[in-house]
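Structure first, then comments.
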Amino acid sequence: MNASTGLTGKKIIIGLSGSIAAYKSAFLVRLFIQAGAQVRVLMTPGATRFITPLTLSTLSKHEVWTDVLNENGWNNHVELGMWGDAFIIAPATANTLAKLASGQSDNVLVATYLSARCPVFVAPAMDVDMWYHTTTQRNIRQLIADGVEIIPAEQGELASGLIGMGRMAEPPHIFEHLRVFFRQNGPLLGKKALVTAGPTFEPIDPVRFIGNHSSGKMGIAIADALAQAGAATTLILGPSKLAPSHPNIQVVRVRTAQEMYEAAKAIHAQQDICILAAAVADYAPASPSNQKIKKTGDTLSLELHKTVDIASSLGAEKKPGQIHIGFALETENETAHALEKLKKKKFDFIVLNSLNDAGAGFNYDTNKVRFLFPDNKALDFELKSKQAVAADIVQQLVHLVQK
Ligand code: PMT
């Protein structure tokens with residue numbers, strides 16, 4: 001295996017925290033050792049209750065650290081942090097995510113995280129309600145903003161007996177993530193990209209919302225194409241049942257325009273490329289009800305207020321060298337409206353799709369687009385798959401980056 005994986009000689013730190021998924025990390029250690037990597041293992045005290053340090057030291061062929069201190073003094077987590085080419089925290093419990101997000105360094109795993117100069121990958125593991133809790137999701141967003149790569153939890157049967165999100169990614173999946181990471185190449189290698197995609201849902205009350213028909217397909221295809229081209233890509237995805245396929249994409253799931261804006265703003269300054277493909281609600285209920293609104297009258301009036309325009313706000317903070325690409329979804333005077341948006345939102349080019357074209361726009365697997373540039377130049381494309389449209393966008397982008 002080690003001849004082809006690109007992992008030979010790579011120095012991998014694997015940190016385990018206290019979850020039943022800890023037993024899977026034994027297989028993870030084995031995969032890296034078989035691939036010719038050097039592995040050092042760290043465990044929180046909680047992790048040692050699920051699997052023994054002896055198992056992991058036998059597999060990694062090295063002493064396992066479970067504490068900052070040892071019999072003779074201290075385990076040099078600073079040196080270890082500098083030694084690693086990659087640090088994988090798997091499983092990462094909700095508690096460990098919180099500690100990582102806040103820098104609460106009370107064990108050897110978090111101390112090493114704070115000392116690490118290498119890329120850090122975190123594979124969360126917890127029960128479904130813990131996974132969806134706003135605190136956990138907030139900690140995950142914080143870690144992504146801090147530059148950590150989250151290897152998303154997976155759907156399935158959990159230790160509690162519940163079925164849902166929260167299972168740690170399977171060891172071969174985590175291994176593949178790292179293999180792709182070390183193998184990365186492509187014209188956008190070294191670039192950071194942000195993509196917004198999908199709809200936003202603006203709550204009216206706990207059971208109703210204002211939304212739109214966006215499936216997320218277009219933006220997800222763009223994120224996959226960017227990652228394929230080597231860009232470190234973050235996808236900020238509104239409520240969509242879909243997910244990207246490229247393992248290197250950071251997915252931040254949001255619901256409302258405000259959440260999408262906050263997630264984008266938090267990382268915008270570090271991005272080289274922003275592609276705004278989301279269908280963001282322009283208006284949201286001014287004061288959503290905390291309780292289900294009862295059917296009392298024949299009519300119901302809702303007061304709506306304008307949502308934040310994410311593209312315009314990021315455009316106002318655009319730094320020299322940053323590239324912003326927008327979308328325009330139009331139903332009439334398409335080119336004129338798209339050109340207005342291009343200028344107002346400071347896009348480098350805009351991708352126009354019209355609901356008047358069969359097979360274009362919301363939810364189709366295909367799209368038909370026109371690229372419009374600030375000098376009024378236009379490029380027209382025939383109807384094609386959203387993956388092929390994404391490839392055209394990335395190709396155009398590569399021209400701009402190389403200019
Ligand atoms: O998700 P799919 O089902 O695959 O559908 C794809 C798509 C039709 C949603 C996509 O191709 C598309 O056109 N996305 C943009 C839809 C849109 O809302 O366009 P707009 O013309 O209203 O907005 C112009 C630009 O400003 C867009 O880049 C939009 O993301 C951005 N915007 C708009 C409003 C807002 N509050 N914040 C924004 O960032």
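Numbering starts fresh at 1 for the residues of each chain in the structure tokens, the chains themselves are lettered A, B, ... in the order given, and ligands are numbered from 1 as they appear.
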
For region 102-116 of chain A: contacts at 9 Å, only C-alpha atoms, fewer than 6 positions along chain excluded, given as a list in words
Gly15, Leu16, Ser17, Leu42, Met43, Thr44, Pro45, Trp65, Thr66, Asp67, Val68, Leu69, Asn75, Asn76, His77, Val78, Glu79, Leu80, Gly81, Met82, Trp83, Gly84, Ala86, Phe87, Ile89, Thr96, Asn139 and Gln142 of chain A

For Ala336 (chain A), list every protein, DNA or RNA residue within 12 Å, evaluated using only C-alpha atoms, and leave out those in the same chain fewer than 6 positions away; present the list as a list in words.
Ala328, Glu330, Leu342, Lys343, Ile350, Leu352, Leu372 and Asn376 of chain A

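Considering the residues A:Asn95, A:Asn367, A:Thr299, A:Gln38 and counting only C-alpha atoms, Gln387 (chain A) has its shortest atom-to-atom contact with A:Asn367.
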
Identify, on the basis of only C-alpha atoms, every residue whose closest approach to Lys377 (chain A) does not exceed 12 Å; exclude the query and any residue fewer than 2 positions from it along the same chain; express the result as a PyMOL selection string.
chain A and resi 335+339+348-350+370-375+379-380

Please save all heavy atoms of the selected residues as a tab-separated table (two decimals), in the first residue's frame.
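This is the output file again.tsv:
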```tsv
chain	number	residue	atom	x	y	z
A	335	THR	N	-30.02	40.46	-19.04
A	335	THR	CA	-28.65	40.97	-19.10
A	335	THR	C	-28.52	42.32	-18.38
A	335	THR	O	-27.57	42.55	-17.62
A	335	THR	CB	-28.21	41.09	-20.58
A	335	THR	OG1	-28.24	39.77	-21.13
A	335	THR	CG2	-26.81	41.65	-20.72
A	339	LEU	N	-26.10	42.93	-15.23
A	339	LEU	CA	-25.00	43.91	-15.27
A	339	LEU	C	-25.07	44.90	-14.11
A	339	LEU	O	-24.05	45.28	-13.53
A	339	LEU	CB	-25.00	44.66	-16.61
A	339	LEU	CG	-24.41	43.86	-17.79
A	339	LEU	CD1	-24.66	44.59	-19.12
A	339	LEU	CD2	-22.91	43.60	-17.60
A	348	ASP	N	-16.22	40.22	-10.11
A	348	ASP	CA	-15.25	40.20	-11.22
A	348	ASP	C	-15.92	39.67	-12.48
A	348	ASP	O	-15.56	40.04	-13.57
A	348	ASP	CB	-14.04	39.36	-10.84
A	348	ASP	CG	-13.24	40.06	-9.76
A	348	ASP	OD1	-13.59	39.92	-8.57
A	348	ASP	OD2	-12.33	40.80	-10.10
A	349	PHE	N	-16.86	38.75	-12.29
A	349	PHE	CA	-17.82	38.45	-13.35
A	349	PHE	C	-19.07	37.85	-12.71
A	349	PHE	O	-19.05	37.46	-11.53
A	349	PHE	CB	-17.25	37.60	-14.50
A	349	PHE	CG	-16.93	36.16	-14.21
A	349	PHE	CD1	-17.86	35.15	-14.43
A	349	PHE	CD2	-15.66	35.79	-13.76
A	349	PHE	CE1	-17.54	33.81	-14.21
A	349	PHE	CE2	-15.33	34.46	-13.53
A	349	PHE	CZ	-16.28	33.47	-13.75
A	350	ILE	N	-20.15	37.85	-13.48
A	350	ILE	CA	-21.41	37.34	-12.94
A	350	ILE	C	-21.93	36.24	-13.86
A	350	ILE	O	-21.74	36.31	-15.09
A	350	ILE	CB	-22.44	38.48	-12.75
A	350	ILE	CG1	-23.62	38.03	-11.87
A	350	ILE	CG2	-22.94	39.06	-14.08
A	350	ILE	CD1	-24.39	39.19	-11.25
A	370	ARG	N	-24.81	32.56	-18.96
A	370	ARG	CA	-24.04	33.57	-19.69
A	370	ARG	C	-23.11	34.23	-18.67
A	370	ARG	O	-23.58	34.61	-17.58
A	370	ARG	CB	-25.01	34.59	-20.29
A	370	ARG	CG	-24.35	35.86	-20.78
A	370	ARG	CD	-25.37	36.81	-21.38
A	370	ARG	NE	-25.81	36.32	-22.68
A	370	ARG	CZ	-26.64	37.00	-23.48
A	370	ARG	NH1	-27.13	38.16	-23.10
A	370	ARG	NH2	-26.97	36.52	-24.65
A	371	PHE	N	-21.82	34.33	-18.99
A	371	PHE	CA	-20.91	35.07	-18.11
A	371	PHE	C	-20.88	36.51	-18.60
A	371	PHE	O	-20.72	36.76	-19.80
A	371	PHE	CB	-19.47	34.54	-18.20
A	371	PHE	CG	-19.26	33.14	-17.68
A	371	PHE	CD1	-18.00	32.53	-17.83
A	371	PHE	CD2	-20.25	32.43	-17.03
A	371	PHE	CE1	-17.77	31.24	-17.37
A	371	PHE	CE2	-20.03	31.14	-16.57
A	371	PHE	CZ	-18.78	30.54	-16.74
A	372	LEU	N	-21.00	37.46	-17.68
A	372	LEU	CA	-20.92	38.89	-18.02
A	372	LEU	C	-19.78	39.52	-17.24
A	372	LEU	O	-19.62	39.26	-16.03
A	372	LEU	CB	-22.23	39.58	-17.67
A	372	LEU	CG	-23.43	39.17	-18.54
A	372	LEU	CD1	-24.73	39.53	-17.85
A	372	LEU	CD2	-23.33	39.83	-19.91
A	373	PHE	N	-19.00	40.35	-17.93
A	373	PHE	CA	-17.79	40.93	-17.33
A	373	PHE	C	-17.95	42.45	-17.19
A	373	PHE	O	-18.79	43.05	-17.89
A	373	PHE	CB	-16.58	40.60	-18.21
A	373	PHE	CG	-16.33	39.11	-18.31
A	373	PHE	CD1	-17.01	38.33	-19.24
A	373	PHE	CD2	-15.45	38.48	-17.44
A	373	PHE	CE1	-16.82	36.97	-19.32
A	373	PHE	CE2	-15.24	37.10	-17.51
A	373	PHE	CZ	-15.92	36.35	-18.45
A	374	PRO	N	-17.13	43.09	-16.35
A	374	PRO	CA	-17.29	44.54	-16.14
A	374	PRO	C	-17.16	45.36	-17.42
A	374	PRO	O	-17.71	46.46	-17.51
A	374	PRO	CB	-16.15	44.87	-15.15
A	374	PRO	CG	-15.87	43.59	-14.46
A	374	PRO	CD	-16.14	42.50	-15.44
A	375	ASP	N	-16.43	44.86	-18.43
A	375	ASP	CA	-16.30	45.63	-19.68
A	375	ASP	C	-17.43	45.29	-20.66
A	375	ASP	O	-17.31	45.55	-21.86
A	375	ASP	CB	-14.93	45.36	-20.32
A	375	ASP	CG	-14.74	43.88	-20.65
A	375	ASP	OD1	-15.67	43.08	-20.40
A	375	ASP	OD2	-13.65	43.51	-21.15
A	379	LEU	N	-20.01	35.87	-22.44
A	379	LEU	CA	-19.70	34.52	-22.96
A	379	LEU	C	-20.93	33.67	-22.77
A	379	LEU	O	-21.45	33.55	-21.65
A	379	LEU	CB	-18.57	33.90	-22.13
A	379	LEU	CG	-17.13	34.23	-22.44
A	379	LEU	CD1	-16.22	33.51	-21.46
A	379	LEU	CD2	-16.79	33.82	-23.87
A	380	ASP	N	-21.43	33.09	-23.85
A	380	ASP	CA	-22.65	32.27	-23.77
A	380	ASP	C	-22.31	30.79	-23.83
A	380	ASP	O	-21.44	30.37	-24.59
A	380	ASP	CB	-23.59	32.61	-24.92
A	380	ASP	CG	-24.33	33.89	-24.64
A	380	ASP	OD1	-24.94	33.99	-23.56
A	380	ASP	OD2	-24.26	34.82	-25.48
```

Within 7 Å of ligand 1 (counting only C-alpha atoms and all ligand atoms), which residues show up? I'd like them as a ChimeraX atom specification.
/A:196-199,213-219,257,276-282,307-312,326-330,341,352-353,361-364

Mind checking which residues fall within 9 Å of Leu28 (chain A), counting only C-alpha atoms, ignoring those fewer than 5 positions away in the same chain, and posting them as a PyMOL selection string?
chain A and resi 14+33+90+170-172+174-175

If you keep N, CA, C and O atoms, can you produce a file of those selected residues as a PDB file, in the first residue's frame?
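The resulting file, part.pdb, is shown below:
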```pdb
ATOM      1  N   ILE A  14      -2.112  11.389  16.011  1.00  0.00           N
ATOM      2  CA  ILE A  14      -3.532  11.035  16.142  1.00  0.00           C
ATOM      3  C   ILE A  14      -3.942  11.217  17.603  1.00  0.00           C
ATOM      4  O   ILE A  14      -3.315  10.641  18.509  1.00  0.00           O
ATOM      5  N   ILE A  33       0.095   3.333   9.550  1.00  0.00           N
ATOM      6  CA  ILE A  33       1.343   2.562   9.689  1.00  0.00           C
ATOM      7  C   ILE A  33       1.556   1.720   8.425  1.00  0.00           C
ATOM      8  O   ILE A  33       2.653   1.688   7.852  1.00  0.00           O
ATOM      9  N   ALA A  90      -9.427  12.235  16.402  1.00  0.00           N
ATOM     10  CA  ALA A  90     -10.492  11.287  16.041  1.00  0.00           C
ATOM     11  C   ALA A  90     -10.521  10.160  17.070  1.00  0.00           C
ATOM     12  O   ALA A  90      -9.532   9.437  17.179  1.00  0.00           O
ATOM     13  N   GLU A 170     -15.802   6.783   9.109  1.00  0.00           N
ATOM     14  CA  GLU A 170     -15.106   5.491   9.173  1.00  0.00           C
ATOM     15  C   GLU A 170     -13.606   5.687   8.905  1.00  0.00           C
ATOM     16  O   GLU A 170     -13.225   6.562   8.112  1.00  0.00           O
ATOM     17  N   PRO A 171     -12.738   4.890   9.548  1.00  0.00           N
ATOM     18  CA  PRO A 171     -11.284   5.073   9.375  1.00  0.00           C
ATOM     19  C   PRO A 171     -10.836   5.151   7.909  1.00  0.00           C
ATOM     20  O   PRO A 171     -10.019   6.027   7.582  1.00  0.00           O
ATOM     21  N   PRO A 172     -11.354   4.303   6.999  1.00  0.00           N
ATOM     22  CA  PRO A 172     -10.879   4.443   5.608  1.00  0.00           C
ATOM     23  C   PRO A 172     -11.230   5.807   5.002  1.00  0.00           C
ATOM     24  O   PRO A 172     -10.496   6.338   4.179  1.00  0.00           O
ATOM     25  N   ILE A 174     -11.453   8.686   6.759  1.00  0.00           N
ATOM     26  CA  ILE A 174     -10.511   9.665   7.337  1.00  0.00           C
ATOM     27  C   ILE A 174      -9.148   9.521   6.653  1.00  0.00           C
ATOM     28  O   ILE A 174      -8.496  10.500   6.276  1.00  0.00           O
ATOM     29  N   PHE A 175      -8.746   8.280   6.462  1.00  0.00           N
ATOM     30  CA  PHE A 175      -7.463   8.002   5.816  1.00  0.00           C
ATOM     31  C   PHE A 175      -7.443   8.593   4.399  1.00  0.00           C
ATOM     32  O   PHE A 175      -6.485   9.242   3.987  1.00  0.00           O
TER      33      PHE A 175
END
```

With only C-alpha atoms as the basis for distance, which of A:Gln258, A:Ser289, A:Ser160, A:Gln402 is at the shortest distance from Lys306 (chain A)?
A:Gln258

Please provide as a ChimeraX atom specification all residues within 9 Å of region 188-191 of chain A, with the sequence filter that same-chain residues fewer than 6 positions apart are discarded (counting only C-alpha atoms).
/A:226-233,271-273,398,401

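For Ser60 (chain A), the residues within 7 Å (counting only C-alpha atoms, excluding itself and residues fewer than 3 positions away along the chain) are A:Val29, A:Ile33, A:Val39, A:Arg40, A:Leu56, A:Ser57.
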
Output all heavy atoms for every residue in that selection, as a PDB file, in the first residue's frame.
```
ATOM      1  N   VAL A  29      -4.960   4.070  13.076  1.00  0.00           N
ATOM      2  CA  VAL A  29      -3.510   4.023  13.314  1.00  0.00           C
ATOM      3  C   VAL A  29      -2.888   2.974  12.391  1.00  0.00           C
ATOM      4  O   VAL A  29      -1.867   3.215  11.736  1.00  0.00           O
ATOM      5  CB  VAL A  29      -3.221   3.699  14.803  1.00  0.00           C
ATOM      6  CG1 VAL A  29      -1.737   3.403  15.015  1.00  0.00           C
ATOM      7  CG2 VAL A  29      -3.680   4.846  15.697  1.00  0.00           C
ATOM      8  N   ILE A  33       0.095   3.333   9.550  1.00  0.00           N
ATOM      9  CA  ILE A  33       1.343   2.562   9.689  1.00  0.00           C
ATOM     10  C   ILE A  33       1.556   1.720   8.425  1.00  0.00           C
ATOM     11  O   ILE A  33       2.653   1.688   7.852  1.00  0.00           O
ATOM     12  CB  ILE A  33       1.293   1.674  10.952  1.00  0.00           C
ATOM     13  CG1 ILE A  33       1.318   2.558  12.212  1.00  0.00           C
ATOM     14  CG2 ILE A  33       2.424   0.647  10.966  1.00  0.00           C
ATOM     15  CD1 ILE A  33       2.647   3.242  12.508  1.00  0.00           C
ATOM     16  N   VAL A  39       3.567   7.405  13.181  1.00  0.00           N
ATOM     17  CA  VAL A  39       2.371   7.811  13.940  1.00  0.00           C
ATOM     18  C   VAL A  39       2.708   7.975  15.419  1.00  0.00           C
ATOM     19  O   VAL A  39       3.388   7.131  16.013  1.00  0.00           O
ATOM     20  CB  VAL A  39       1.245   6.766  13.774  1.00  0.00           C
ATOM     21  CG1 VAL A  39       0.008   7.173  14.567  1.00  0.00           C
ATOM     22  CG2 VAL A  39       0.875   6.593  12.297  1.00  0.00           C
ATOM     23  N   ARG A  40       2.243   9.063  16.002  1.00  0.00           N
ATOM     24  CA  ARG A  40       2.300   9.265  17.459  1.00  0.00           C
ATOM     25  C   ARG A  40       0.872   9.441  17.950  1.00  0.00           C
ATOM     26  O   ARG A  40       0.103  10.185  17.330  1.00  0.00           O
ATOM     27  CB  ARG A  40       3.086  10.526  17.831  1.00  0.00           C
ATOM     28  CG  ARG A  40       4.525  10.533  17.366  1.00  0.00           C
ATOM     29  CD  ARG A  40       5.391   9.580  18.180  1.00  0.00           C
ATOM     30  NE  ARG A  40       6.764   9.662  17.717  1.00  0.00           N
ATOM     31  CZ  ARG A  40       7.267   8.990  16.695  1.00  0.00           C
ATOM     32  NH1 ARG A  40       6.504   8.167  16.011  1.00  0.00           N
ATOM     33  NH2 ARG A  40       8.532   9.124  16.345  1.00  0.00           N
ATOM     34  N   LEU A  56      -2.810   0.925  21.405  1.00  0.00           N
ATOM     35  CA  LEU A  56      -2.387   1.933  20.430  1.00  0.00           C
ATOM     36  C   LEU A  56      -0.873   2.053  20.340  1.00  0.00           C
ATOM     37  O   LEU A  56      -0.329   2.335  19.263  1.00  0.00           O
ATOM     38  CB  LEU A  56      -3.036   3.275  20.776  1.00  0.00           C
ATOM     39  CG  LEU A  56      -4.563   3.213  20.612  1.00  0.00           C
ATOM     40  CD1 LEU A  56      -5.245   4.337  21.381  1.00  0.00           C
ATOM     41  CD2 LEU A  56      -4.949   3.269  19.147  1.00  0.00           C
ATOM     42  N   SER A  57      -0.177   1.815  21.463  1.00  0.00           N
ATOM     43  CA  SER A  57       1.287   1.874  21.377  1.00  0.00           C
ATOM     44  C   SER A  57       1.798   0.661  20.601  1.00  0.00           C
ATOM     45  O   SER A  57       2.769   0.756  19.848  1.00  0.00           O
ATOM     46  CB  SER A  57       1.947   1.987  22.757  1.00  0.00           C
ATOM     47  OG  SER A  57       1.707   0.831  23.494  1.00  0.00           O
TER      48      SER A  57
END
```

Leaving out Glu157 (chain A) and any residue of its chain fewer than 5 positions from it, which residues lie within 12 Å of it when counting only C-alpha atoms, given as a PyMOL selection string?
chain A and resi 125-128+162-168

Produce a file of the selected residues containing C-alpha atoms, as a compact mmCIF listing (two decimals), in the first residue's frame.
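Generated output (selection_26.txt):
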```
# COMPACT_ATOMS: atom_id res chain seq x y z
CA ALA A 125 -18.26 11.70 17.25
CA MET A 126 -21.31 12.13 19.43
CA ASP A 127 -25.02 11.48 19.72
CA VAL A 128 -27.42 13.07 17.24
CA LEU A 162 -30.77 6.36 18.01
CA ILE A 163 -30.30 6.72 14.27
CA GLY A 164 -28.94 10.00 12.99
CA MET A 165 -25.92 12.20 12.44
CA GLY A 166 -22.99 11.90 14.82
CA ARG A 167 -21.11 8.70 13.95
CA MET A 168 -17.39 9.31 13.52
```

Write out as a compact mmCIF listing (two decimals) with N, CA, C and O atoms, in the first residue's frame all residues of region 132-286 of chain A that DSSP puts in alpha helix (DSSP H) for this structure's backbone.
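File states-v4.txt, as written:
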```
# COMPACT_ATOMS: atom_id res chain seq x y z
N TYR A 132 -26.36 18.21 16.68
CA TYR A 132 -27.15 19.33 16.14
C TYR A 132 -27.26 20.49 17.13
O TYR A 132 -27.79 21.53 16.78
N THR A 134 -26.89 23.79 19.08
CA THR A 134 -26.30 25.05 18.56
C THR A 134 -24.88 25.25 19.11
O THR A 134 -24.03 25.80 18.42
N THR A 135 -24.63 24.79 20.34
CA THR A 135 -23.29 24.98 20.92
C THR A 135 -22.25 24.21 20.11
O THR A 135 -21.19 24.73 19.79
N THR A 136 -22.58 22.94 19.79
CA THR A 136 -21.63 22.12 19.02
C THR A 136 -21.42 22.74 17.64
O THR A 136 -20.28 22.87 17.17
N GLN A 137 -22.53 23.13 16.99
CA GLN A 137 -22.40 23.71 15.64
C GLN A 137 -21.61 25.02 15.70
O GLN A 137 -20.82 25.32 14.81
N ARG A 138 -21.82 25.79 16.77
CA ARG A 138 -21.05 27.05 16.92
C ARG A 138 -19.56 26.73 17.08
O ARG A 138 -18.70 27.38 16.49
N ASN A 139 -19.25 25.70 17.90
CA ASN A 139 -17.84 25.33 18.10
C ASN A 139 -17.22 24.87 16.79
O ASN A 139 -16.06 25.18 16.49
N ILE A 140 -18.00 24.12 15.99
CA ILE A 140 -17.48 23.66 14.71
C ILE A 140 -17.19 24.85 13.80
O ILE A 140 -16.15 24.93 13.16
N ARG A 141 -18.14 25.82 13.77
CA ARG A 141 -17.90 27.01 12.93
C ARG A 141 -16.66 27.76 13.39
O ARG A 141 -15.86 28.23 12.59
N GLN A 142 -16.47 27.81 14.73
CA GLN A 142 -15.29 28.50 15.27
C GLN A 142 -14.01 27.79 14.83
O GLN A 142 -13.04 28.43 14.40
N LEU A 143 -14.03 26.46 14.90
CA LEU A 143 -12.83 25.71 14.52
C LEU A 143 -12.53 25.89 13.04
O LEU A 143 -11.36 26.05 12.65
N ILE A 144 -13.57 25.90 12.20
CA ILE A 144 -13.34 26.12 10.76
C ILE A 144 -12.75 27.51 10.56
O ILE A 144 -11.79 27.68 9.79
N ALA A 145 -13.30 28.50 11.26
CA ALA A 145 -12.76 29.87 11.15
C ALA A 145 -11.30 29.91 11.62
O ALA A 145 -10.51 30.73 11.14
N PRO A 171 -12.74 4.89 9.55
CA PRO A 171 -11.28 5.07 9.38
C PRO A 171 -10.84 5.15 7.91
O PRO A 171 -10.02 6.03 7.58
N PRO A 172 -11.35 4.30 7.00
CA PRO A 172 -10.88 4.44 5.61
C PRO A 172 -11.23 5.81 5.00
O PRO A 172 -10.50 6.34 4.18
N HIS A 173 -12.36 6.39 5.45
CA HIS A 173 -12.77 7.70 4.95
C HIS A 173 -11.79 8.78 5.47
O HIS A 173 -11.33 9.65 4.73
N ILE A 174 -11.45 8.69 6.76
CA ILE A 174 -10.51 9.67 7.34
C ILE A 174 -9.15 9.52 6.65
O ILE A 174 -8.50 10.50 6.28
N PHE A 175 -8.75 8.28 6.46
CA PHE A 175 -7.46 8.00 5.82
C PHE A 175 -7.44 8.59 4.40
O PHE A 175 -6.49 9.24 3.99
N GLU A 176 -8.55 8.40 3.67
CA GLU A 176 -8.66 8.90 2.30
C GLU A 176 -8.58 10.43 2.28
O GLU A 176 -7.95 11.03 1.40
N HIS A 177 -9.19 11.05 3.27
CA HIS A 177 -9.16 12.51 3.39
C HIS A 177 -7.71 12.99 3.46
O HIS A 177 -7.31 13.93 2.77
N LEU A 178 -6.93 12.31 4.28
CA LEU A 178 -5.51 12.70 4.45
C LEU A 178 -4.71 12.37 3.20
O LEU A 178 -3.83 13.13 2.79
N ARG A 179 -5.04 11.23 2.58
CA ARG A 179 -4.32 10.84 1.37
C ARG A 179 -4.52 11.90 0.28
O ARG A 179 -3.57 12.35 -0.35
N VAL A 180 -5.77 12.34 0.12
CA VAL A 180 -6.07 13.37 -0.88
C VAL A 180 -5.36 14.67 -0.50
O VAL A 180 -4.80 15.36 -1.34
N PHE A 181 -5.38 14.99 0.79
CA PHE A 181 -4.74 16.22 1.25
C PHE A 181 -3.25 16.24 0.86
O PHE A 181 -2.75 17.22 0.33
N PHE A 182 -2.57 15.13 1.11
CA PHE A 182 -1.13 15.11 0.83
C PHE A 182 -0.84 15.03 -0.66
O PHE A 182 0.26 15.32 -1.09
N ARG A 183 -1.83 14.63 -1.44
CA ARG A 183 -1.64 14.48 -2.87
C ARG A 183 -2.07 15.69 -3.68
O ARG A 183 -2.00 15.69 -4.89
N LYS A 217 -27.57 22.33 -5.71
CA LYS A 217 -26.77 21.57 -6.69
C LYS A 217 -25.69 22.42 -7.37
O LYS A 217 -24.55 21.98 -7.55
N MET A 218 -26.07 23.65 -7.79
CA MET A 218 -25.12 24.48 -8.54
C MET A 218 -23.90 24.82 -7.68
O MET A 218 -22.75 24.63 -8.10
N GLY A 219 -24.16 25.32 -6.47
CA GLY A 219 -23.06 25.72 -5.59
C GLY A 219 -22.21 24.54 -5.14
O GLY A 219 -20.98 24.65 -5.02
N ILE A 220 -22.85 23.40 -4.91
CA ILE A 220 -22.11 22.20 -4.50
C ILE A 220 -21.19 21.76 -5.63
O ILE A 220 -20.02 21.41 -5.40
N ALA A 221 -21.69 21.82 -6.87
CA ALA A 221 -20.84 21.43 -8.02
C ALA A 221 -19.64 22.38 -8.13
O ALA A 221 -18.52 21.95 -8.45
N ILE A 222 -19.86 23.66 -7.82
CA ILE A 222 -18.75 24.62 -7.87
C ILE A 222 -17.72 24.30 -6.78
O ILE A 222 -16.51 24.31 -7.04
N ALA A 223 -18.20 24.01 -5.58
CA ALA A 223 -17.27 23.69 -4.49
C ALA A 223 -16.44 22.45 -4.86
O ALA A 223 -15.22 22.42 -4.65
N ASP A 224 -17.10 21.43 -5.42
CA ASP A 224 -16.36 20.22 -5.83
C ASP A 224 -15.31 20.56 -6.89
O ASP A 224 -14.18 20.07 -6.83
N ALA A 225 -15.68 21.43 -7.85
CA ALA A 225 -14.74 21.77 -8.93
C ALA A 225 -13.55 22.57 -8.38
O ALA A 225 -12.41 22.38 -8.82
N LEU A 226 -13.82 23.46 -7.42
CA LEU A 226 -12.73 24.25 -6.83
C LEU A 226 -11.76 23.34 -6.06
O LEU A 226 -10.53 23.47 -6.18
N ALA A 227 -12.33 22.41 -5.28
CA ALA A 227 -11.47 21.50 -4.50
C ALA A 227 -10.67 20.61 -5.45
O ALA A 227 -9.49 20.34 -5.22
N GLN A 228 -11.33 20.19 -6.52
CA GLN A 228 -10.65 19.38 -7.54
C GLN A 228 -9.46 20.13 -8.14
O GLN A 228 -8.43 19.56 -8.45
N ALA A 257 -30.42 33.81 6.18
CA ALA A 257 -29.50 34.74 5.51
C ALA A 257 -28.48 35.29 6.50
O ALA A 257 -27.29 35.42 6.19
N GLN A 258 -28.97 35.60 7.71
CA GLN A 258 -28.07 36.18 8.71
C GLN A 258 -26.97 35.17 9.09
O GLN A 258 -25.80 35.54 9.18
N GLU A 259 -27.36 33.89 9.27
CA GLU A 259 -26.35 32.87 9.61
C GLU A 259 -25.36 32.69 8.45
O GLU A 259 -24.17 32.52 8.68
N MET A 260 -25.88 32.74 7.22
CA MET A 260 -24.99 32.58 6.06
C MET A 260 -24.00 33.75 6.00
O MET A 260 -22.80 33.57 5.77
N TYR A 261 -24.52 34.94 6.27
CA TYR A 261 -23.67 36.13 6.27
C TYR A 261 -22.57 36.01 7.34
O TYR A 261 -21.39 36.24 7.07
N GLU A 262 -22.98 35.63 8.56
CA GLU A 262 -22.00 35.55 9.66
C GLU A 262 -20.91 34.52 9.35
O GLU A 262 -19.72 34.76 9.60
N ALA A 263 -21.32 33.37 8.79
CA ALA A 263 -20.33 32.33 8.47
C ALA A 263 -19.38 32.82 7.38
O ALA A 263 -18.17 32.57 7.43
N ALA A 264 -19.92 33.54 6.39
CA ALA A 264 -19.07 34.03 5.29
C ALA A 264 -18.14 35.15 5.77
O ALA A 264 -16.95 35.16 5.45
N LYS A 265 -18.69 36.05 6.55
CA LYS A 265 -17.90 37.20 7.03
C LYS A 265 -16.73 36.73 7.89
O LYS A 265 -15.63 37.27 7.82
N ALA A 266 -16.98 35.68 8.71
CA ALA A 266 -15.94 35.19 9.63
C ALA A 266 -14.68 34.75 8.90
O ALA A 266 -13.59 34.82 9.45
N ILE A 267 -14.81 34.29 7.65
CA ILE A 267 -13.63 33.76 6.97
C ILE A 267 -13.26 34.55 5.72
O ILE A 267 -12.26 34.27 5.08
N HIS A 268 -14.06 35.57 5.38
CA HIS A 268 -13.87 36.27 4.10
C HIS A 268 -12.46 36.85 3.94
O HIS A 268 -11.85 36.74 2.87
```

Step one, run DSSP on the backbone; step two, keep only residues of region 307-392 of chain A assigned to strand (DSSP E or B); then write them as a PyMOL selection string.
chain A and resi 323-330+349-354+366-367+369-372+378-380+384-385
